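Here's run_32.cif, which has mmCIF, C-alpha atoms and all ligand atoms:
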data_start
loop_
_atom_site.group_PDB
_atom_site.id
_atom_site.type_symbol
_atom_site.label_atom_id
_atom_site.label_comp_id
_atom_site.auth_asym_id
_atom_site.auth_seq_id
_atom_site.Cartn_x
_atom_site.Cartn_y
_atom_site.Cartn_z
ATOM 1 C CA MET E 1 24.706 -31.498 14.623
ATOM 2 C CA SER E 2 22.766 -31.369 11.343
ATOM 3 C CA GLN E 3 21.192 -28.035 10.505
ATOM 4 C CA LEU E 4 18.309 -27.242 8.136
ATOM 5 C CA HIS E 5 20.315 -24.880 5.919
ATOM 6 C CA ASN E 6 23.891 -26.067 6.215
ATOM 7 C CA GLU E 7 25.975 -23.828 3.892
ATOM 8 C CA ARG E 8 22.928 -22.967 1.765
ATOM 9 C CA VAL E 9 22.671 -19.439 0.355
ATOM 10 C CA ILE E 10 19.268 -17.802 0.739
ATOM 11 C CA TRP E 11 18.059 -14.363 -0.349
ATOM 12 C CA VAL E 12 15.549 -12.638 1.959
ATOM 13 C CA THR E 13 13.639 -9.510 0.853
ATOM 14 C CA GLY E 14 12.112 -7.063 3.319
ATOM 15 C CA ALA E 15 14.906 -8.290 5.575
ATOM 16 C CA ALA E 16 15.466 -5.199 7.734
ATOM 17 C CA SER E 17 12.403 -5.668 9.903
ATOM 18 C CA GLY E 18 9.710 -8.006 11.218
ATOM 19 C CA ILE E 19 9.261 -11.354 9.467
ATOM 20 C CA GLY E 20 12.197 -10.770 7.101
ATOM 21 C CA GLN E 21 14.608 -10.033 9.951
ATOM 22 C CA ALA E 22 13.373 -13.097 11.834
ATOM 23 C CA ALA E 23 13.879 -15.200 8.675
ATOM 24 C CA VAL E 24 17.478 -13.991 8.339
ATOM 25 C CA GLU E 25 18.184 -14.870 11.977
ATOM 26 C CA GLU E 26 16.518 -18.284 11.667
ATOM 27 C CA ILE E 27 18.397 -19.211 8.459
ATOM 28 C CA VAL E 28 21.747 -18.190 9.964
ATOM 29 C CA ALA E 29 20.957 -20.140 13.146
ATOM 30 C CA GLU E 30 20.296 -23.156 10.908
ATOM 31 C CA GLY E 31 23.707 -22.890 9.220
ATOM 32 C CA GLY E 32 22.779 -20.841 6.142
ATOM 33 C CA ARG E 33 24.209 -17.704 4.561
ATOM 34 C CA VAL E 34 21.955 -14.824 3.565
ATOM 35 C CA ILE E 35 21.641 -12.021 1.058
ATOM 36 C CA ALA E 36 19.471 -9.587 3.024
ATOM 37 C CA SER E 37 17.739 -6.940 0.934
ATOM 38 C CA ASP E 38 15.514 -4.004 1.792
ATOM 39 C CA LEU E 39 14.916 -0.369 0.881
ATOM 40 C CA PRO E 40 17.841 2.093 1.048
ATOM 41 C CA GLY E 41 17.990 3.765 4.457
ATOM 42 C CA THR E 42 16.518 0.830 6.390
ATOM 43 C CA ASP E 43 18.262 -0.181 9.600
ATOM 44 C CA PHE E 44 20.639 -3.089 9.096
ATOM 45 C CA SER E 45 22.877 -2.225 12.068
ATOM 46 C CA TRP E 46 21.900 -5.556 13.672
ATOM 47 C CA VAL E 47 23.704 -7.549 10.930
ATOM 48 C CA GLU E 48 27.029 -5.756 11.313
ATOM 49 C CA ASP E 49 28.645 -8.578 13.305
ATOM 50 C CA ILE E 50 27.055 -11.456 11.390
ATOM 51 C CA GLU E 51 29.541 -12.538 8.728
ATOM 52 C CA GLU E 52 27.065 -14.934 7.088
ATOM 53 C CA VAL E 53 24.880 -11.984 6.013
ATOM 54 C CA PHE E 54 25.524 -9.644 3.069
ATOM 55 C CA VAL E 55 23.235 -6.629 2.625
ATOM 56 C CA VAL E 56 21.956 -5.255 -0.690
ATOM 57 C CA THR E 57 19.619 -2.265 -0.785
ATOM 58 C CA GLY E 58 17.044 -1.287 -3.372
ATOM 59 C CA ASP E 59 13.361 -1.402 -4.224
ATOM 60 C CA VAL E 60 11.946 -4.880 -4.928
ATOM 61 C CA SER E 61 9.740 -3.470 -7.654
ATOM 62 C CA ASP E 62 12.860 -2.524 -9.637
ATOM 63 C CA PRO E 63 14.087 -5.373 -11.904
ATOM 64 C CA ASP E 64 17.697 -4.172 -11.561
ATOM 65 C CA HIS E 65 17.555 -4.546 -7.777
ATOM 66 C CA ASN E 66 16.365 -8.143 -8.101
ATOM 67 C CA GLU E 67 19.176 -8.933 -10.537
ATOM 68 C CA ALA E 68 21.679 -7.204 -8.227
ATOM 69 C CA ALA E 69 20.591 -9.261 -5.202
ATOM 70 C CA VAL E 70 21.008 -12.538 -7.096
ATOM 71 C CA LYS E 71 24.366 -11.417 -8.492
ATOM 72 C CA ALA E 72 25.472 -10.549 -4.945
ATOM 73 C CA ALA E 73 24.614 -14.097 -3.842
ATOM 74 C CA GLN E 74 26.810 -15.498 -6.611
ATOM 75 C CA ASP E 75 29.656 -13.028 -6.073
ATOM 76 C CA GLU E 76 29.720 -13.239 -2.271
ATOM 77 C CA PHE E 77 28.799 -16.878 -1.666
ATOM 78 C CA GLY E 78 29.136 -18.601 -5.058
ATOM 79 C CA ARG E 79 25.486 -19.560 -5.608
ATOM 80 C CA ILE E 80 21.863 -19.179 -4.545
ATOM 81 C CA ASP E 81 19.796 -22.070 -3.156
ATOM 82 C CA GLY E 82 16.721 -20.302 -1.834
ATOM 83 C CA ALA E 83 14.711 -17.098 -1.656
ATOM 84 C CA VAL E 84 12.239 -15.675 0.831
ATOM 85 C CA LEU E 85 10.292 -13.124 -1.227
ATOM 86 C CA ASN E 86 8.829 -11.388 1.772
ATOM 87 C CA ALA E 87 8.869 -7.609 1.219
ATOM 88 C CA GLY E 88 5.397 -6.145 1.163
ATOM 89 C CA MET E 89 3.345 -3.107 1.968
ATOM 90 C CA ALA E 90 -0.078 -2.457 3.407
ATOM 91 C CA GLY E 91 -2.473 -0.087 1.710
ATOM 92 C CA ARG E 92 -6.063 0.989 2.143
ATOM 93 C CA VAL E 93 -7.840 2.759 -0.697
ATOM 94 C CA ASP E 94 -11.486 3.764 -0.759
ATOM 95 C CA LEU E 95 -13.155 1.407 -3.243
ATOM 96 C CA PHE E 96 -15.386 4.125 -4.678
ATOM 97 C CA ASP E 97 -13.134 7.129 -5.109
ATOM 98 C CA GLY E 98 -9.665 6.368 -3.687
ATOM 99 C CA PRO E 99 -6.579 7.072 -5.836
ATOM 100 C CA ILE E 100 -6.109 4.189 -8.243
ATOM 101 C CA ASP E 101 -2.352 4.853 -8.295
ATOM 102 C CA SER E 102 -2.219 3.613 -4.695
ATOM 103 C CA PHE E 103 -3.715 0.315 -5.857
ATOM 104 C CA ASP E 104 -1.101 0.129 -8.619
ATOM 105 C CA ARG E 105 1.737 0.692 -6.134
ATOM 106 C CA VAL E 106 0.546 -2.071 -3.778
ATOM 107 C CA MET E 107 0.231 -4.478 -6.715
ATOM 108 C CA GLU E 108 3.693 -3.453 -7.891
ATOM 109 C CA VAL E 109 5.336 -4.200 -4.535
ATOM 110 C CA ASN E 110 3.235 -7.165 -3.390
ATOM 111 C CA VAL E 111 2.772 -8.976 -6.728
ATOM 112 C CA ARG E 112 4.930 -7.660 -9.590
ATOM 113 C CA ALA E 113 8.029 -7.645 -7.391
ATOM 114 C CA VAL E 114 7.441 -11.295 -6.493
ATOM 115 C CA VAL E 115 7.379 -12.147 -10.206
ATOM 116 C CA LEU E 116 10.637 -10.204 -10.666
ATOM 117 C CA GLY E 117 12.166 -12.043 -7.709
ATOM 118 C CA ILE E 118 11.136 -15.447 -9.064
ATOM 119 C CA ARG E 119 12.535 -14.576 -12.503
ATOM 120 C CA ALA E 120 15.836 -13.305 -11.166
ATOM 121 C CA CYS E 121 16.653 -16.232 -8.905
ATOM 122 C CA SER E 122 15.182 -19.126 -10.868
ATOM 123 C CA GLN E 123 17.520 -18.342 -13.798
ATOM 124 C CA VAL E 124 20.511 -19.466 -11.764
ATOM 125 C CA MET E 125 19.102 -21.799 -9.099
ATOM 126 C CA ARG E 126 20.026 -25.464 -9.285
ATOM 127 C CA PRO E 127 17.600 -28.377 -8.849
ATOM 128 C CA GLY E 128 16.808 -28.780 -5.134
ATOM 129 C CA SER E 129 16.427 -25.033 -4.604
ATOM 130 C CA ALA E 130 13.285 -23.539 -3.076
ATOM 131 C CA ILE E 131 11.424 -20.237 -2.934
ATOM 132 C CA THR E 132 8.932 -19.048 -0.339
ATOM 133 C CA VAL E 133 6.678 -16.014 -0.574
ATOM 134 C CA THR E 134 5.008 -14.142 2.277
ATOM 135 C CA ALA E 135 1.332 -13.953 1.306
ATOM 136 C CA SER E 136 -1.291 -13.476 4.045
ATOM 137 C CA THR E 137 -4.509 -14.861 5.465
ATOM 138 C CA SER E 138 -5.844 -11.611 3.956
ATOM 139 C CA GLY E 139 -5.351 -13.290 0.571
ATOM 140 C CA MET E 140 -7.607 -16.177 1.560
ATOM 141 C CA ARG E 141 -10.751 -14.173 2.417
ATOM 142 C CA GLY E 142 -12.225 -10.671 2.171
ATOM 143 C CA ASP E 143 -12.043 -7.906 4.801
ATOM 144 C CA PRO E 144 -13.865 -4.566 4.950
ATOM 145 C CA GLY E 145 -11.818 -1.694 3.548
ATOM 146 C CA MET E 146 -8.970 -4.039 2.626
ATOM 147 C CA TRP E 147 -9.692 -4.854 -1.022
ATOM 148 C CA VAL E 148 -6.352 -3.554 -2.261
ATOM 149 C CA TYR E 149 -4.122 -5.526 0.107
ATOM 150 C CA ASN E 150 -6.358 -8.607 0.003
ATOM 151 C CA THR E 151 -6.405 -8.613 -3.801
ATOM 152 C CA SER E 152 -2.616 -8.415 -3.910
ATOM 153 C CA LYS E 153 -2.153 -11.276 -1.455
ATOM 154 C CA ALA E 154 -4.758 -13.462 -3.210
ATOM 155 C CA ALA E 155 -2.862 -12.864 -6.452
ATOM 156 C CA VAL E 156 0.353 -13.984 -4.828
ATOM 157 C CA ILE E 157 -1.216 -17.215 -3.557
ATOM 158 C CA ASN E 158 -2.311 -18.120 -7.081
ATOM 159 C CA LEU E 159 0.971 -16.921 -8.547
ATOM 160 C CA VAL E 160 2.679 -19.448 -6.274
ATOM 161 C CA ARG E 161 0.333 -22.245 -7.367
ATOM 162 C CA SER E 162 0.871 -21.497 -11.050
ATOM 163 C CA ALA E 163 4.612 -20.842 -10.798
ATOM 164 C CA SER E 164 5.071 -24.150 -8.955
ATOM 165 C CA MET E 165 4.151 -25.951 -12.174
ATOM 166 C CA ASP E 166 6.612 -24.044 -14.332
ATOM 167 C CA LEU E 167 9.395 -24.261 -11.737
ATOM 168 C CA ALA E 168 8.928 -28.000 -11.124
ATOM 169 C CA SER E 169 10.723 -28.975 -14.345
ATOM 170 C CA ARG E 170 13.765 -27.042 -13.096
ATOM 171 C CA GLY E 171 13.656 -28.885 -9.768
ATOM 172 C CA ILE E 172 12.682 -25.717 -7.881
ATOM 173 C CA ARG E 173 9.870 -25.712 -5.313
ATOM 174 C CA ILE E 174 7.817 -22.627 -4.399
ATOM 175 C CA ASN E 175 5.332 -22.179 -1.549
ATOM 176 C CA ALA E 176 3.491 -19.362 0.189
ATOM 177 C CA VAL E 177 3.345 -18.637 3.903
ATOM 178 C CA CYS E 178 0.139 -16.917 5.024
ATOM 179 C CA PRO E 179 0.644 -15.112 8.331
ATOM 180 C CA GLY E 180 -2.315 -14.041 10.400
ATOM 181 C CA PRO E 181 -1.984 -10.975 12.656
ATOM 182 C CA THR E 182 1.702 -10.793 13.582
ATOM 183 C CA GLU E 183 3.524 -8.218 15.703
ATOM 184 C CA THR E 184 5.910 -6.451 13.301
ATOM 185 C CA GLY E 185 6.654 -2.981 11.955
ATOM 186 C CA MET E 186 3.631 -3.246 9.677
ATOM 187 C CA THR E 187 1.156 -3.715 12.527
ATOM 188 C CA THR E 188 2.388 -1.163 15.075
ATOM 189 C CA GLY E 189 -0.747 0.873 14.329
ATOM 190 C CA PHE E 190 -2.878 -1.837 15.943
ATOM 191 C CA GLU E 191 -3.121 -1.004 19.611
ATOM 192 C CA GLY E 192 -5.737 -0.908 22.323
ATOM 193 C CA GLU E 193 -9.160 -1.934 21.065
ATOM 194 C CA SER E 194 -8.109 -2.778 17.494
ATOM 195 C CA TYR E 195 -5.319 -5.078 18.769
ATOM 196 C CA GLU E 196 -7.697 -6.733 21.227
ATOM 197 C CA ASP E 197 -10.451 -7.126 18.620
ATOM 198 C CA MET E 198 -8.088 -8.969 16.343
ATOM 199 C CA ARG E 199 -6.769 -11.108 19.195
ATOM 200 C CA ARG E 200 -10.278 -12.333 20.001
ATOM 201 C CA ARG E 201 -10.740 -13.564 16.415
ATOM 202 C CA ILE E 202 -7.720 -15.871 16.715
ATOM 203 C CA PRO E 203 -8.567 -19.305 18.192
ATOM 204 C CA LEU E 204 -5.209 -19.420 20.030
ATOM 205 C CA GLN E 205 -6.185 -16.031 21.535
ATOM 206 C CA ARG E 206 -2.944 -14.214 20.806
ATOM 207 C CA TRP E 207 -1.102 -12.425 18.000
ATOM 208 C CA GLY E 208 1.741 -14.235 16.298
ATOM 209 C CA ASN E 209 5.359 -13.205 16.501
ATOM 210 C CA ALA E 210 7.782 -12.894 13.597
ATOM 211 C CA ASN E 211 9.809 -15.952 14.665
ATOM 212 C CA GLU E 212 6.767 -18.172 14.277
ATOM 213 C CA ILE E 213 6.318 -17.028 10.673
ATOM 214 C CA ALA E 214 10.042 -17.324 9.951
ATOM 215 C CA ALA E 215 9.976 -20.939 11.200
ATOM 216 C CA ALA E 216 7.400 -21.801 8.515
ATOM 217 C CA HIS E 217 9.559 -20.196 5.802
ATOM 218 C CA SER E 218 12.584 -22.083 7.093
ATOM 219 C CA PHE E 219 10.761 -25.426 7.007
ATOM 220 C CA LEU E 220 9.334 -24.886 3.509
ATOM 221 C CA LEU E 221 12.773 -23.891 2.185
ATOM 222 C CA SER E 222 14.427 -26.953 3.667
ATOM 223 C CA SER E 223 14.727 -30.509 2.375
ATOM 224 C CA GLN E 224 12.243 -31.479 5.097
ATOM 225 C CA ALA E 225 9.601 -30.065 2.719
ATOM 226 C CA SER E 226 10.987 -31.783 -0.399
ATOM 227 C CA PHE E 227 7.557 -32.982 -1.618
ATOM 228 C CA ILE E 228 5.696 -29.713 -0.913
ATOM 229 C CA THR E 229 5.239 -27.226 -3.732
ATOM 230 C CA GLY E 230 2.461 -24.875 -4.842
ATOM 231 C CA ALA E 231 1.010 -24.846 -1.318
ATOM 232 C CA HIS E 232 -0.017 -21.971 0.927
ATOM 233 C CA LEU E 233 0.411 -22.522 4.634
ATOM 234 C CA PRO E 234 -1.639 -20.433 7.073
ATOM 235 C CA VAL E 235 0.387 -19.528 10.180
ATOM 236 C CA ASP E 236 -2.371 -17.752 12.016
ATOM 237 C CA GLY E 237 -3.269 -19.370 15.337
ATOM 238 C CA GLY E 238 -6.226 -21.024 13.610
ATOM 239 C CA MET E 239 -7.845 -17.806 12.410
ATOM 240 C CA SER E 240 -8.481 -18.983 8.843
ATOM 241 C CA ALA E 241 -10.001 -22.240 10.113
ATOM 242 C CA ASN E 242 -12.921 -20.234 11.506
ATOM 243 C CA SER E 243 -15.877 -19.756 9.128
ATOM 244 C CA GLY E 244 -16.465 -16.363 10.724
ATOM 245 C CA GLN E 245 -19.941 -17.244 11.967
ATOM 246 C CA PHE E 246 -18.922 -17.497 15.628
ATOM 247 C CA THR E 247 -16.184 -15.907 17.703
ATOM 248 C CA PRO E 248 -13.792 -18.577 19.034
ATOM 249 C CA PRO E 249 -14.090 -19.405 22.754
ATOM 250 C CA ALA E 250 -12.135 -17.097 25.044
ATOM 251 C CA PHE E 251 -9.606 -18.639 27.422
ATOM 252 C CA SER E 252 -6.396 -17.829 29.182
ATOM 253 C CA LEU E 253 -3.751 -20.428 30.008
HETATM 254 N N1 LIG P 301 2.529 -8.395 10.192
HETATM 255 C C1 LIG P 301 1.438 -9.018 9.799
HETATM 256 O O1 LIG P 301 0.446 -9.132 10.553
HETATM 257 C C2 LIG P 301 1.388 -9.650 8.435
HETATM 258 C C3 LIG P 301 0.329 -10.516 8.171
HETATM 259 C C4 LIG P 301 0.264 -11.108 6.920
HETATM 260 C C5 LIG P 301 1.243 -10.855 5.969
HETATM 261 N N2 LIG P 301 2.265 -10.006 6.263
HETATM 262 C C6 LIG P 301 3.277 -9.797 5.226
HETATM 263 O O2 LIG P 301 4.547 -10.076 5.771
HETATM 264 C C7 LIG P 301 5.545 -9.439 4.973
HETATM 265 C C8 LIG P 301 6.571 -8.801 5.887
HETATM 266 O O3 LIG P 301 5.950 -7.739 6.593
HETATM 267 P P1 LIG P 301 6.184 -7.506 8.158
HETATM 268 O O4 LIG P 301 4.890 -7.794 8.822
HETATM 269 O O5 LIG P 301 7.419 -8.179 8.620
HETATM 270 O O6 LIG P 301 6.308 -5.921 8.161
HETATM 271 P P2 LIG P 301 7.567 -4.954 8.344
HETATM 272 O O7 LIG P 301 7.048 -3.609 8.021
HETATM 273 O O8 LIG P 301 8.192 -5.172 9.668
HETATM 274 O O9 LIG P 301 8.588 -5.445 7.216
HETATM 275 C C9 LIG P 301 8.360 -5.218 5.846
HETATM 276 C C10 LIG P 301 9.701 -4.891 5.203
HETATM 277 O O10 LIG P 301 9.504 -4.799 3.777
HETATM 278 C C11 LIG P 301 10.272 -3.698 3.321
HETATM 279 N N3 LIG P 301 9.735 -3.163 2.078
HETATM 280 C C12 LIG P 301 8.519 -2.574 1.886
HETATM 281 N N4 LIG P 301 8.413 -2.141 0.616
HETATM 282 C C13 LIG P 301 9.589 -2.472 -0.005
HETATM 283 C C14 LIG P 301 10.072 -2.274 -1.299
HETATM 284 N N5 LIG P 301 9.359 -1.638 -2.250
HETATM 285 N N6 LIG P 301 11.311 -2.727 -1.616
HETATM 286 C C15 LIG P 301 12.071 -3.356 -0.677
HETATM 287 N N7 LIG P 301 11.644 -3.580 0.590
HETATM 288 C C16 LIG P 301 10.430 -3.136 0.920
HETATM 289 C C17 LIG P 301 10.150 -2.664 4.436
HETATM 290 O O11 LIG P 301 11.171 -1.678 4.356
HETATM 291 C C18 LIG P 301 10.243 -3.540 5.681
HETATM 292 O O12 LIG P 301 11.558 -3.676 6.164
HETATM 293 C C19 LIG P 301 4.797 -8.478 4.055
HETATM 294 O O13 LIG P 301 4.718 -9.043 2.762
HETATM 295 C C20 LIG P 301 3.424 -8.401 4.686
HETATM 296 O O14 LIG P 301 2.424 -8.066 3.738
HETATM 297 C C21 LIG P 301 2.349 -9.399 7.470
#

Structure translated into structure tokens:
Amino acid sequence: MSQLHNERVIWVTGAASGIGQAAVEEIVAEGGRVIASDLPGTDFSWVEDIEEVFVVTGDVSDPDHNEAAVKAAQDEFGRIDGAVLNAGMAGRVDLFDGPIDSFDRVMEVNVRAVVLGIRACSQVMRPGSAITVTASTSGMRGDPGMWVYNTSKAAVINLVRSASMDLASRGIRINAVCPGPTETGMTTGFEGESYEDMRRRIPLQRWGNANEIAAAHSFLLSSQASFITGAHLPVDGGMSANSGQFTPPAFSL
């Protein structure tokens, strides 16, 4: 049976949890091999029995870690054909007097690290390779109190557009996936009323799960998406289709 990632080698950042973990599982299920990277001390016990996965730990905002992950792909599996630059952090800072260093850190992890990831892997990728980045619907619009995170994710969407032009001549595609509210480690703080509030804003009337976001990464990485580059794909139950003027109709199936 043909598989989307037969024998391909794909690097996934932020791989210990949530969307990254789901991406690792999806790529392996589709025949691929994975360099899974995340911060030191994160829980990778679930990969112990999966021989197609090799773990590298470090901070994505450190250039050496990015180089080490790509080198691990070459050393362990002989090459690198794809990357899911997914690691990211949330961060709220008061616009008027919050610590500006917190803004810098979010930009470092959510934007600068993506540049470092692109640089590291595109040096050695062959034509036909592909990169995906986890942006967010938060990068497509504004939200109260969210200027830091939303600015970082908007930057990443335009980084992907611009980088697609420079990467095209090397035969490398790059696209962004924009999740809406998704149940992962990052969103455990949403419960009760805040969870329900968000749910009502989603036309499909439910939060997403990490597998649904991973499926979009998997598609965009694959040859099925061979003519797609520089795009950002909302995976958000229709949330970003709403102008925000009216709450979508409630229903239960
Ligand atoms: N969950 C959502 O609703 C949602 C919505 C839109 C976008 N996103 C984005 O999805 C991506 C994945 O997040 P998630 O929702 O799966 O959350 P998560 O917390 O489950 O996973 C994020 C992973 O990134 C890792 N990470 C954070 N900072 C890092 C660093 N400096 N170096 C290396 N690894 C680091 C964390 O250790 C963690 O394992 C993020 O970029 C996030 O901004 C999430």

To check your reading of the model: which residues sit at most 7 Å from ligand LIG 301 (chain P) when counting all atoms listed in the file? Write the answer as a ChimeraX atom specification. /E:13-20,37-39,42,58-61,86-90,109-110,134-138,178-187,210

Surrounding residues of E:Leu221 excluding itself and chain neighbours under 2 positions, 12 Å, only C-alpha atoms, as number ranges by chain: E: 4-5, 8-12, 23, 26-27, 30, 32, 81-85, 128-133, 172-177, 214-219, 223-229

Please determine an axis-aligned box that encloses all atoms of stretch 105-115 of chain E listed in the file, with 4 Å added on each side, and express its centre and edge lengths in Å to one decimal as AutoDock Vina command-line options.
--center_x 4.1 --center_y -5.7 --center_z -6.8 --size_x 15.8 --size_y 20.8 --size_z 14.8

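Pairwise distance (atom CA of E:Gly41, atom CA of E:Asp64) equals 17.9 Å.
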
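As for atom CA of E:Arg126 and atom CA of E:Arg79, they are spaced 8.8 Å apart.
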
Output check: residues returned by the PyMOL selection byres (((chain E and resi 190-201) around 8) and not hetatm), as a PDB file with C-alpha atoms, in the coordinates of the input:
ATOM      1  CA  PRO E 181      -1.984 -10.975  12.656  1.00  0.00           C
ATOM      2  CA  THR E 187       1.156  -3.715  12.527  1.00  0.00           C
ATOM      3  CA  THR E 188       2.388  -1.163  15.075  1.00  0.00           C
ATOM      4  CA  GLY E 189      -0.747   0.873  14.329  1.00  0.00           C
ATOM      5  CA  ILE E 202      -7.720 -15.871  16.715  1.00  0.00           C
ATOM      6  CA  PRO E 203      -8.567 -19.305  18.192  1.00  0.00           C
ATOM      7  CA  GLN E 205      -6.185 -16.031  21.535  1.00  0.00           C
ATOM      8  CA  ARG E 206      -2.944 -14.214  20.806  1.00  0.00           C
ATOM      9  CA  TRP E 207      -1.102 -12.425  18.000  1.00  0.00           C
ATOM     10  CA  MET E 239      -7.845 -17.806  12.410  1.00  0.00           C
ATOM     11  CA  THR E 247     -16.184 -15.907  17.703  1.00  0.00           C
ATOM     12  CA  PRO E 248     -13.792 -18.577  19.034  1.00  0.00           C
ATOM     13  CA  ALA E 250     -12.135 -17.097  25.044  1.00  0.00           C
TER      14      ALA E 250
END

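Computed from the coordinates, the atom CA of E:Tyr149 to atom CA of E:Leu116 distance equals 18.9 Å.
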
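Distance annotation: of E:Val124, E:Ala168, E:Val160, E:Met107, the residue with the minimal separation from E:Gly230 is E:Val160; atom set is all atoms listed in the file.
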
Nearest to E:Ser169, chosen from E:Asn211, E:Ser122, E:Thr151, E:Gln245, with all atoms listed in the file counted in the distances: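 Of E:Asn211, E:Ser122, E:Thr151, E:Gln245, the one nearest E:Ser169 is E:Ser122, counting all atoms listed in the file.
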
Can you list, as JSON, numbers by chain, every protein, DNA or RNA residue that comes within 8 Å of stretch 99-104 of chain E when you count all atoms listed in the file, leaving out same-chain residues fewer than 6 positions away? {"E": [91, 93, 148]}

Best match for closeness to E:Glu7 among E:Ser252, E:Gly98, E:Glu52, E:Val156, counting only C-alpha atoms: E:Glu52

Shortest interatomic distance to E:Gln21 - which of E:Ile213, E:Ala73, E:Met125, E:Met165, counting only C-alpha atoms: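 Selected residue with least distance to E:Gln21: E:Ile213.
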
Of E:Glu25, E:Asp166, E:Glu51, E:Asp43, the one nearest to E:Arg119 when counting all atoms listed in the file is E:Asp166
